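> My structure file structure08.txt, compact mmCIF, C-alpha atoms, is below:
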# COMPACT_ATOMS: atom_id res chain seq x y z
CA MET E 1 -7.70 7.83 -47.33
CA ILE E 2 -11.38 7.88 -48.24
CA ASP E 3 -11.43 11.63 -47.69
CA THR E 4 -8.54 12.11 -50.09
CA PHE E 5 -10.24 9.95 -52.70
CA THR E 6 -13.56 11.78 -52.33
CA ASN E 7 -11.95 15.21 -52.47
CA THR E 8 -9.87 14.29 -55.52
CA VAL E 9 -12.85 13.02 -57.48
CA LEU E 10 -15.02 15.98 -56.49
CA PHE E 11 -12.33 18.53 -57.31
CA THR E 12 -11.69 16.87 -60.68
CA MET E 13 -15.37 17.12 -61.52
CA LEU E 14 -15.38 20.74 -60.30
CA VAL E 15 -12.46 21.74 -62.52
CA LEU E 16 -13.93 19.92 -65.52
CA THR E 17 -17.24 21.71 -65.00
CA ALA E 18 -15.46 25.07 -64.75
CA LEU E 19 -13.59 24.38 -68.00
CA ALA E 20 -16.85 23.37 -69.68
CA ILE E 21 -18.47 26.62 -68.47
CA VAL E 22 -15.63 28.63 -70.01
CA ARG E 23 -15.79 26.81 -73.34
CA MET E 24 -19.57 26.64 -73.71
CA GLU E 25 -21.20 28.94 -76.24
CA ARG E 26 -24.88 28.48 -75.40
CA LEU E 27 -25.82 30.40 -72.28
CA PHE E 28 -28.60 28.03 -71.33
CA ALA E 29 -26.09 25.20 -71.03
CA VAL E 30 -23.84 27.54 -69.03
CA VAL E 31 -26.67 28.07 -66.54
CA MET E 32 -27.11 24.31 -66.19
CA LEU E 33 -23.38 23.83 -65.74
CA SER E 34 -23.10 26.56 -63.12
CA SER E 35 -25.93 24.94 -61.21
CA VAL E 36 -23.98 21.67 -61.23
CA PHE E 37 -20.82 23.58 -60.28
CA SER E 38 -22.48 24.96 -57.20
CA LEU E 39 -23.86 21.52 -56.27
CA LEU E 40 -20.32 20.13 -56.54
CA SER E 41 -18.87 22.84 -54.33
CA ALA E 42 -21.69 22.20 -51.86
CA LEU E 43 -20.63 18.56 -51.79
CA LEU E 44 -17.05 19.65 -51.09
CA PHE E 45 -18.32 21.73 -48.17
CA VAL E 46 -20.20 18.68 -46.92
CA THR E 47 -17.01 16.62 -46.97
CA LEU E 48 -15.41 19.40 -44.91
CA ASP E 49 -18.27 19.01 -42.36
CA ALA E 50 -19.55 22.51 -43.09
CA VAL E 51 -23.11 21.47 -43.85
CA ASP E 52 -24.59 24.90 -43.17
CA VAL E 53 -22.24 26.58 -45.64
CA ALA E 54 -22.94 23.79 -48.11
CA PHE E 55 -26.65 24.30 -47.75
CA THR E 56 -26.35 28.04 -48.35
CA GLU E 57 -24.21 27.36 -51.41
CA ALA E 58 -26.74 24.92 -52.83
CA ALA E 59 -29.75 27.11 -52.08
CA VAL E 60 -28.19 30.26 -53.51
CA GLY E 61 -26.05 28.77 -56.28
CA ALA E 62 -28.17 25.91 -57.56
CA GLY E 63 -31.60 27.22 -56.60
CA ILE E 64 -32.00 30.99 -56.67
CA SER E 65 -29.26 32.02 -59.06
CA THR E 66 -30.32 29.41 -61.64
CA VAL E 67 -33.78 30.98 -61.60
CA LEU E 68 -32.32 34.50 -61.80
CA MET E 69 -29.98 33.56 -64.65
CA LEU E 70 -32.83 31.99 -66.60
CA GLY E 71 -34.85 35.15 -66.08
CA THR E 72 -31.91 37.18 -67.39
CA ILE E 73 -31.62 34.94 -70.46
CA ALA E 74 -35.35 35.35 -71.06
CA LEU E 75 -34.85 39.14 -71.12
CA THR E 76 -31.65 39.10 -73.21
CA LYS E 77 -30.16 36.83 -75.88
CA PRO E 78 -29.32 33.17 -75.32
CA ALA E 79 -25.95 33.12 -77.09
CA VAL E 80 -22.47 34.38 -76.20
CA LYS E 81 -21.36 37.59 -77.83
CA LYS E 82 -17.88 37.09 -79.23
CA SER E 83 -15.41 39.11 -77.22
CA ARG E 84 -12.91 41.10 -79.25
CA HIS E 85 -10.26 41.87 -76.68
CA ASN E 86 -7.30 39.69 -75.92
CA ALA E 87 -7.68 37.16 -73.11
CA PHE E 88 -3.99 37.37 -72.18
CA VAL E 89 -4.11 40.21 -69.61
CA PRO E 90 -7.10 38.77 -67.70
CA LEU E 91 -5.31 35.40 -67.59
CA ILE E 92 -2.23 37.00 -66.01
CA VAL E 93 -4.39 38.86 -63.49
CA VAL E 94 -6.20 35.65 -62.56
CA CYS E 95 -2.92 33.75 -62.19
CA ILE E 96 -1.41 36.46 -59.96
CA THR E 97 -4.56 36.57 -57.81
CA GLY E 98 -4.58 32.79 -57.48
CA ALA E 99 -0.89 32.72 -56.57
CA ALA E 100 -1.49 35.43 -53.94
CA LEU E 101 -4.39 33.45 -52.47
CA ILE E 102 -2.33 30.25 -52.33
CA TYR E 103 0.54 32.22 -50.74
CA GLY E 104 -1.93 33.51 -48.16
CA THR E 105 -2.91 29.97 -47.18
CA LEU E 106 0.69 28.82 -46.66
CA ASP E 107 1.04 29.91 -43.04
CA MET E 108 -2.46 28.87 -42.05
CA PRO E 109 -2.78 26.05 -39.51
CA ALA E 110 -3.48 22.62 -40.92
CA PHE E 111 -7.08 21.54 -41.44
CA GLY E 112 -8.60 20.43 -38.16
CA SER E 113 -5.45 21.06 -36.13
CA LEU E 114 -6.13 21.46 -32.43
CA ASP E 115 -3.83 24.42 -31.78
CA ALA E 116 -5.34 26.59 -34.50
CA PRO E 117 -6.35 30.03 -33.19
CA ALA E 118 -9.99 29.31 -33.99
CA GLN E 119 -9.92 26.28 -31.66
CA ILE E 120 -8.15 27.83 -28.67
CA HIS E 121 -9.55 31.38 -28.47
CA VAL E 122 -13.24 31.38 -27.49
CA GLY E 123 -14.31 28.05 -28.99
CA PRO E 124 -13.70 25.87 -25.90
CA ASP E 125 -15.47 28.47 -23.78
CA TYR E 126 -18.58 28.29 -25.94
CA LEU E 127 -18.43 24.51 -26.05
CA SER E 128 -18.19 24.16 -22.28
CA ARG E 129 -20.74 26.85 -21.38
CA THR E 130 -23.48 26.19 -23.93
CA PRO E 131 -25.09 23.18 -22.15
CA SER E 132 -25.42 25.06 -18.87
CA ASP E 133 -26.12 28.54 -20.26
CA ILE E 134 -28.56 27.90 -23.07
CA ASP E 135 -29.26 24.17 -23.19
CA VAL E 136 -29.43 23.89 -26.99
CA PRO E 137 -27.86 20.76 -28.50
CA ASN E 138 -26.37 22.64 -31.46
CA VAL E 139 -23.60 25.01 -30.39
CA VAL E 140 -23.72 26.96 -33.65
CA THR E 141 -27.40 27.67 -33.08
CA ALA E 142 -26.63 28.74 -29.53
CA ILE E 143 -23.94 31.17 -30.69
CA LEU E 144 -26.02 32.63 -33.51
CA GLY E 145 -29.28 32.81 -31.62
CA SER E 146 -28.19 33.72 -28.12
CA TYR E 147 -24.55 34.73 -27.60
CA ARG E 148 -24.57 36.86 -30.75
CA GLY E 149 -28.31 37.39 -30.91
CA PHE E 150 -28.16 41.12 -31.59
CA ASP E 151 -25.67 40.52 -34.39
CA THR E 152 -28.07 38.05 -36.00
CA LEU E 153 -30.94 40.47 -35.51
CA GLY E 154 -28.97 43.14 -37.37
CA GLU E 155 -28.19 40.78 -40.24
CA THR E 156 -31.82 39.74 -40.49
CA ALA E 157 -32.85 43.39 -40.57
CA VAL E 158 -30.40 44.04 -43.44
CA VAL E 159 -31.67 41.07 -45.44
CA PHE E 160 -35.27 42.05 -44.76
CA THR E 161 -34.62 45.63 -45.93
CA ALA E 162 -32.94 44.36 -49.09
CA GLY E 163 -35.89 42.07 -49.83
CA ILE E 164 -38.40 44.89 -49.31
CA GLY E 165 -36.33 47.13 -51.60
CA VAL E 166 -36.19 44.53 -54.38
CA LEU E 167 -39.94 43.91 -54.08
CA LEU E 168 -40.65 47.65 -54.31
CA LEU E 169 -38.44 47.99 -57.39
CA LEU E 170 -40.02 44.99 -59.12
CA SER E 171 -43.59 46.09 -58.39
CA GLY E 172 -42.77 49.51 -59.82
CA LEU E 173 -41.48 47.83 -62.97
CA ARG E 174 -44.65 45.77 -63.33
CA ARG E 175 -46.87 48.84 -62.91
CA ARG E 176 -44.98 50.72 -65.64
CA ARG E 177 -45.42 47.79 -68.02
CA ASP E 178 -49.11 47.63 -67.24
CA ASP E 179 -49.42 51.34 -67.98
CA ASP E 180 -47.75 50.89 -71.33
CA GLY E 181 -50.15 48.07 -72.10
CA GLU E 182 -47.79 46.43 -74.53
CA ASP E 183 -45.79 43.28 -74.81
CA ILE E 184 -42.22 43.48 -73.65
CA MET V 1 -15.32 0.76 -38.01
CA ILE V 2 -12.92 0.60 -40.93
CA GLY V 3 -12.92 -2.75 -42.69
CA THR V 4 -16.29 -3.88 -41.38
CA MET V 5 -18.87 -5.14 -43.80
CA PRO V 6 -21.33 -2.19 -43.91
CA HIS V 7 -18.40 0.17 -44.31
CA LEU V 8 -17.25 -1.73 -47.38
CA VAL V 9 -20.76 -1.68 -48.81
CA PHE V 10 -21.00 2.08 -48.42
CA LEU V 11 -17.56 2.52 -49.93
CA ILE V 12 -18.61 0.54 -53.01
CA ALA V 13 -21.82 2.56 -53.15
CA LEU V 14 -19.74 5.76 -53.05
CA ILE V 15 -17.54 4.62 -55.92
CA LEU V 16 -20.52 3.57 -58.02
CA LEU V 17 -22.15 6.91 -57.26
CA PHE V 18 -19.05 8.71 -58.49
CA ILE V 19 -19.15 6.71 -61.72
CA ALA V 20 -22.82 7.60 -62.15
CA MET V 21 -22.01 11.28 -61.51
CA ILE V 22 -19.27 11.23 -64.14
CA LEU V 23 -21.62 9.64 -66.68
CA VAL V 24 -24.21 12.34 -65.96
CA LEU V 25 -21.54 15.03 -66.29
CA ILE V 26 -20.44 13.66 -69.66
CA ARG V 27 -24.02 13.89 -70.87
CA LEU V 28 -24.17 17.42 -69.48
CA TYR V 29 -21.00 18.49 -71.32
CA LYS V 30 -21.82 16.85 -74.63
CA GLY V 31 -25.63 16.89 -74.54
CA PRO V 32 -26.84 17.61 -78.06
CA THR V 33 -30.19 19.04 -77.02
CA LEU V 34 -31.19 21.28 -74.15
CA TYR V 35 -33.45 18.57 -72.77
CA ASP V 36 -30.47 16.29 -72.24
CA ARG V 37 -28.87 19.03 -70.19
CA VAL V 38 -31.99 19.69 -68.13
CA LEU V 39 -32.38 16.01 -67.41
CA SER V 40 -28.73 15.60 -66.49
CA THR V 41 -28.82 18.66 -64.19
CA ASN V 42 -31.85 17.28 -62.42
CA SER V 43 -30.23 13.87 -62.19
CA PHE V 44 -27.06 15.40 -60.78
CA GLY V 45 -29.13 17.01 -58.05
CA THR V 46 -30.50 13.58 -57.16
CA HIS V 47 -26.96 12.23 -57.09
CA THR V 48 -26.06 15.06 -54.70
CA VAL V 49 -28.77 13.90 -52.31
CA LEU V 50 -27.56 10.30 -52.55
CA PHE V 51 -23.94 11.34 -52.04
CA ILE V 52 -24.73 13.22 -48.84
CA GLY V 53 -26.59 10.17 -47.56
CA VAL V 54 -23.82 7.71 -48.45
CA LEU V 55 -21.11 9.99 -47.06
CA GLY V 56 -23.05 10.33 -43.81
CA PHE V 57 -23.31 6.56 -43.38
CA LEU V 58 -19.72 6.07 -44.49
CA SER V 59 -18.41 8.40 -41.78
CA GLY V 60 -20.76 6.82 -39.23
CA ARG V 61 -22.77 9.99 -38.65
CA PRO V 62 -26.00 9.88 -40.64
CA ASP V 63 -27.19 13.12 -39.01
CA PHE V 64 -27.44 15.09 -42.21
CA LEU V 65 -30.08 13.06 -43.99
CA ASP V 66 -32.68 15.76 -43.40
CA ILE V 67 -30.38 18.26 -45.09
CA ALA V 68 -30.15 15.89 -48.06
CA LEU V 69 -33.94 16.04 -48.28
CA LEU V 70 -33.75 19.84 -48.45
CA TYR V 71 -31.33 19.50 -51.39
CA ALA V 72 -34.01 17.51 -53.17
CA LEU V 73 -36.41 20.43 -52.62
CA ILE V 74 -33.90 22.96 -54.02
CA ASN V 75 -33.42 20.72 -57.03
CA PHE V 76 -37.17 20.64 -57.51
CA VAL V 77 -37.41 24.45 -57.47
CA ALA V 78 -34.64 24.76 -60.05
CA THR V 79 -36.24 22.16 -62.32
CA ILE V 80 -39.63 23.88 -62.11
CA ALA V 81 -37.99 27.20 -63.04
CA ILE V 82 -36.22 25.61 -66.03
CA LEU V 83 -39.40 23.95 -67.27
CA LYS V 84 -41.31 27.20 -66.87
CA PHE V 85 -38.62 28.88 -68.92
CA PHE V 86 -39.11 26.27 -71.66
CA ARG V 87 -42.88 26.69 -71.62
CA TYR V 88 -43.17 30.47 -71.53
CA ARG V 89 -39.70 31.79 -72.43
CA ALA V 90 -39.96 33.98 -69.34
CA ILE V 91 -39.65 33.57 -65.60
CA GLY V 92 -41.50 36.41 -63.94
CA ASP V 93 -43.87 38.15 -66.34
CA VAL V 94 -45.92 35.23 -67.57
CA LEU V 95 -49.29 36.58 -66.45
CA ILE V 96 -48.81 39.96 -68.07
CA LYS V 97 -47.70 38.41 -71.34
CA ARG V 98 -50.68 36.10 -71.51
CA GLU V 99 -53.13 38.86 -70.70
CA SER V 100 -51.71 41.14 -73.34
CA LYS V 101 -52.15 38.45 -75.97
CA LYS V 102 -55.93 38.41 -75.53
Turn the structure described in the file into structure tokens.

Amino acid sequence: MIDTFTNTVLFTMLVLTALAIVRMERLFAVVMLSSVFSLLSALLFVTLDAVDVAFTEAAVGAGISTVLMLGTIALTKPAVKKSRHNAFVPLIVVCITGAALIYGTLDMPAFGSLDAPAQIHVGPDYLSRTPSDIDVPNVVTAILGSYRGFDTLGETAVVFTAGIGVLLLLSGLRRRRDDDGEDI
Amino acid sequence: MIGTMPHLVFLIALILLFIAMILVLIRLYKGPTLYDRVLSTNSFGTHTVLFIGVLGFLSGRPDFLDIALLYALINFVATIAILKFFRYRAIGDVLIKRESKK
């Protein structure tokens, strides 16, 4: 009952924010609105008990990408360029994609149902073995850090490499600007 | 749990929080100046923190309060970036620009 109410209000605010993003002309306001959009979707993840996903959404969507978008606006122009093409074909494509996604969810198990494949495959095994195997209170941490430790190590290596690459690219850019000795 | 007094209090707090969020969102949509929008974005971040807290107490599991604190930190970073954008009209190259003006 309370969950339904919360989800309805949050989804209403989410849709209104999305509509406002579409209709807004000033890009600075669009950045603000998309930050709020990502906070709202983070709240929806929190109501679904996926706090880790919610935290990633808030950190990436409301934190980092706001900063990146503002940096982009600082380098480009702060107003929308009027698009000349017709919006009809993209609308149809979006509607078809949305219908396909909804169709894909139709035969999924209900939210939180006990006989969902995710709950009966390896989940109970992890839940029963974690206290004796690893002795970490959080099962997700146990899976990420120990059962799938090499997987996590690989992901961390990928993210680390990407960060190093971006830093190298940016430092090269700064050196070129210094060599030019001029304002941007 | 349901129907007890604290539960009712948190439910009322949740509803009032939703009303506050909607008011902030209206200011964000209409906001005549950019400063209205910055202020409302920052305020919405604060409401996010409060909502996570209230929802945790409402469902009887206030385990995620520390995560709500981290949301406050994210909000702070975003606000600092926005204010820096207002001040310098740039995010990354502030030092170079100031040096080249001398």
> Step by step: start from the point (-26.4, 31.0, -33.9) in the file's coordinates, keep every protein, DNA or RNA residue that has an atom no farther than 12 Å from it, count only C-alpha atoms, and write the set as a list in words.
Asp52, Tyr126, Thr130, Ile134, Val136, Pro137, Asn138, Val139, Val140, Thr141, Ala142, Ile143, Leu144, Gly145, Ser146, Tyr147, Arg148, Gly149, Phe150, Asp151, Thr152, Leu153 and Glu155 of chain E
> Which residues of chain E come within 6 Å of chain V, and what is each one's closest atom pair and distance in Å (one decimal), counting only C-alpha atoms, sorted by chain and residue number, as a tab-separated table?

residue	atom	partner	partner_atom	distance
E:Gly63	CA	V:Ala78	CA	5.2
E:Val67	CA	V:Ala81	CA	5.8
E:Gly71	CA	V:Ile91	CA	5.1
E:Ala74	CA	V:Ala90	CA	5.1
> Output the selection as a short mmCIF file (atom, residue, chain, number, x, y, z; two decimals), in the coordinates of the input - C-alpha atoms for each residue.

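Dumped to result.cif:
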data_model
loop_
_atom_site.label_atom_id
_atom_site.label_comp_id
_atom_site.auth_asym_id
_atom_site.auth_seq_id
_atom_site.Cartn_x
_atom_site.Cartn_y
_atom_site.Cartn_z
CA GLY E 63 -31.60 27.22 -56.60
CA VAL E 67 -33.78 30.98 -61.60
CA GLY E 71 -34.85 35.15 -66.08
CA ALA E 74 -35.35 35.35 -71.06
#
> So how many Å separate CA of Ala18 (chain E) and CA of Val30 (chain E), to one decimal?
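For CA of Ala18 (chain E) relative to CA of Val30 (chain E), the distance reads 9.7 Å.
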> Report, in Å to a single decimal, how far apart CA of Thr17 (chain E) and CA of Leu33 (chain E) are.
6.5 Å
